[in-house]
Every structure is written in structure tokens, then in C-alpha cells.
Amino acid sequence: MDSSPGLSDAKIAVIVAVANDKRGVISPCGRCRQMLMDYYPGIEVIVLDEAGELRLVEMKELLPFAYVNSKWTNYDEREGLKNKEN
Ligand SMILES: [Zn+2]
């Protein structure tokens with residue numbers, strides 16, 4: 001019997017934060033940015049730019065000069081992402 005892939009099999013490539021009360025797309029807060037950098041450093045994030053247009057940004061742009069502990073993240077300070085295929 002085939003089992004369909006679940007969320008645990010999926011790789012997250014892009015994420016977007018959407019606020020309630022019809023506020024639409026918002027930027028992730030600082031805490032969320034750090035969590036994304038820790039667990040998904042290769043992810044891309046949809047944000048609104050200064051002109052109100054949707055824009056796809058990398059984590060290094062969303063969280064410049066980020067705190068990185070390469071012992072427990074997927075990020076290597078010297079080499080960048082450990083898993084570049086992400
Ligand atoms: Zn947040």
C-alpha cells in the first residue's frame with residue numbers, strides 16, 4: 001500500500017506571514033526571523049516592499065548580521081548553508 005508523503009517529508013522552500021482582520025501579508029517579527037534562520041536558513045520569505053509589492057527575499061536579507069550558532073543549526077558561518085540543495 002502506498003503512503004502519500006506527509007508534511008514531514010516536505011521541504012519548505014517559501015513561507016509567508018498573513019495577519020488576521022484582512023491585514024494581509026506582514027513581515028515576520030524578530031523572533032520568527034531568528035527561528036527561521038535557525039531551522040530553515042535556506043528558506044525564502046514573501047514580504048511587502050516599500051512600494052507595497054510582494055517580494056521574495058532570502059533569510060540573509062531578512063536578518064542581516066544574524067546570530068548563528070552553527071552547532072545546532074543548518075548554517076555554517078564559513079561555508080553558508082550546509083545543505084545547499086535546500
Ligand atoms: Zn513572529
# chains A, B, ... in the order shown; residues from 1 in each chain; ligands from 1
$ residues_around --residues "region 23-39 of chain A" --least-positions-apart "2" --cutoff "9 Å" --atoms "only C-alpha atoms" --output "PDB file with C-alpha atoms, in the first residue's frame"
ATOM      1  CA  VAL A  16       4.643  33.945   4.062  1.00  0.00           C
ATOM      2  CA  ALA A  17       3.081  35.506   7.165  1.00  0.00           C
ATOM      3  CA  VAL A  18      -0.518  36.691   6.813  1.00  0.00           C
ATOM      4  CA  ALA A  19      -2.198  38.737   9.537  1.00  0.00           C
ATOM      5  CA  ASN A  20      -5.793  38.448  10.688  1.00  0.00           C
ATOM      6  CA  ASP A  21      -8.502  41.107  10.232  1.00  0.00           C
ATOM      7  CA  PRO A  41      18.337  29.191   6.763  1.00  0.00           C
ATOM      8  CA  GLY A  42      17.781  28.422   3.068  1.00  0.00           C
ATOM      9  CA  ILE A  43      14.121  29.381   3.061  1.00  0.00           C
ATOM     10  CA  VAL A  45      10.166  34.670   2.557  1.00  0.00           C
ATOM     11  CA  ILE A  46       7.439  36.646   0.817  1.00  0.00           C
ATOM     12  CA  VAL A  47       7.226  40.208   2.172  1.00  0.00           C
ATOM     13  CA  LEU A  48       5.794  43.526   1.066  1.00  0.00           C
ATOM     14  CA  LEU A  54       5.133  41.352  -2.931  1.00  0.00           C
ATOM     15  CA  MET A  59      16.932  34.912   5.072  1.00  0.00           C
ATOM     16  CA  LYS A  60      20.309  36.693   4.911  1.00  0.00           C
ATOM     17  CA  LEU A  62      15.651  39.489   6.040  1.00  0.00           C
ATOM     18  CA  LEU A  63      18.010  39.055   9.002  1.00  0.00           C
ATOM     19  CA  ALA A  66      22.235  37.308  12.211  1.00  0.00           C
ATOM     20  CA  TYR A  67      23.229  35.463  15.344  1.00  0.00           C
ATOM     21  CA  VAL A  68      24.242  31.986  14.188  1.00  0.00           C
ATOM     22  CA  ASN A  69      25.143  29.000  16.350  1.00  0.00           C
ATOM     23  CA  SER A  70      26.380  26.518  13.768  1.00  0.00           C
ATOM     24  CA  TRP A  72      22.678  23.431  16.352  1.00  0.00           C
ATOM     25  CA  THR A  73      21.578  24.999  13.099  1.00  0.00           C
ATOM     26  CA  ASN A  74      21.820  24.119   9.422  1.00  0.00           C
ATOM     27  CA  TYR A  75      24.034  27.141   8.902  1.00  0.00           C
TER      28      TYR A  75
END
$ atom_distance --atom1 "atom 1 (Zn, counted along the ligand's line) of ligand 1" --atom2 "CA of Glu61 (chain A)"
16.8 Å
$ atom_distance --atom1 "CA of Ile15 (chain A)" --atom2 "CA of Glu50 (chain A)"
19.1 Å
$ select_by_dssp --residues "region 16-78 of chain A" --states "strand (DSSP E)" --output "count of residues only"
19
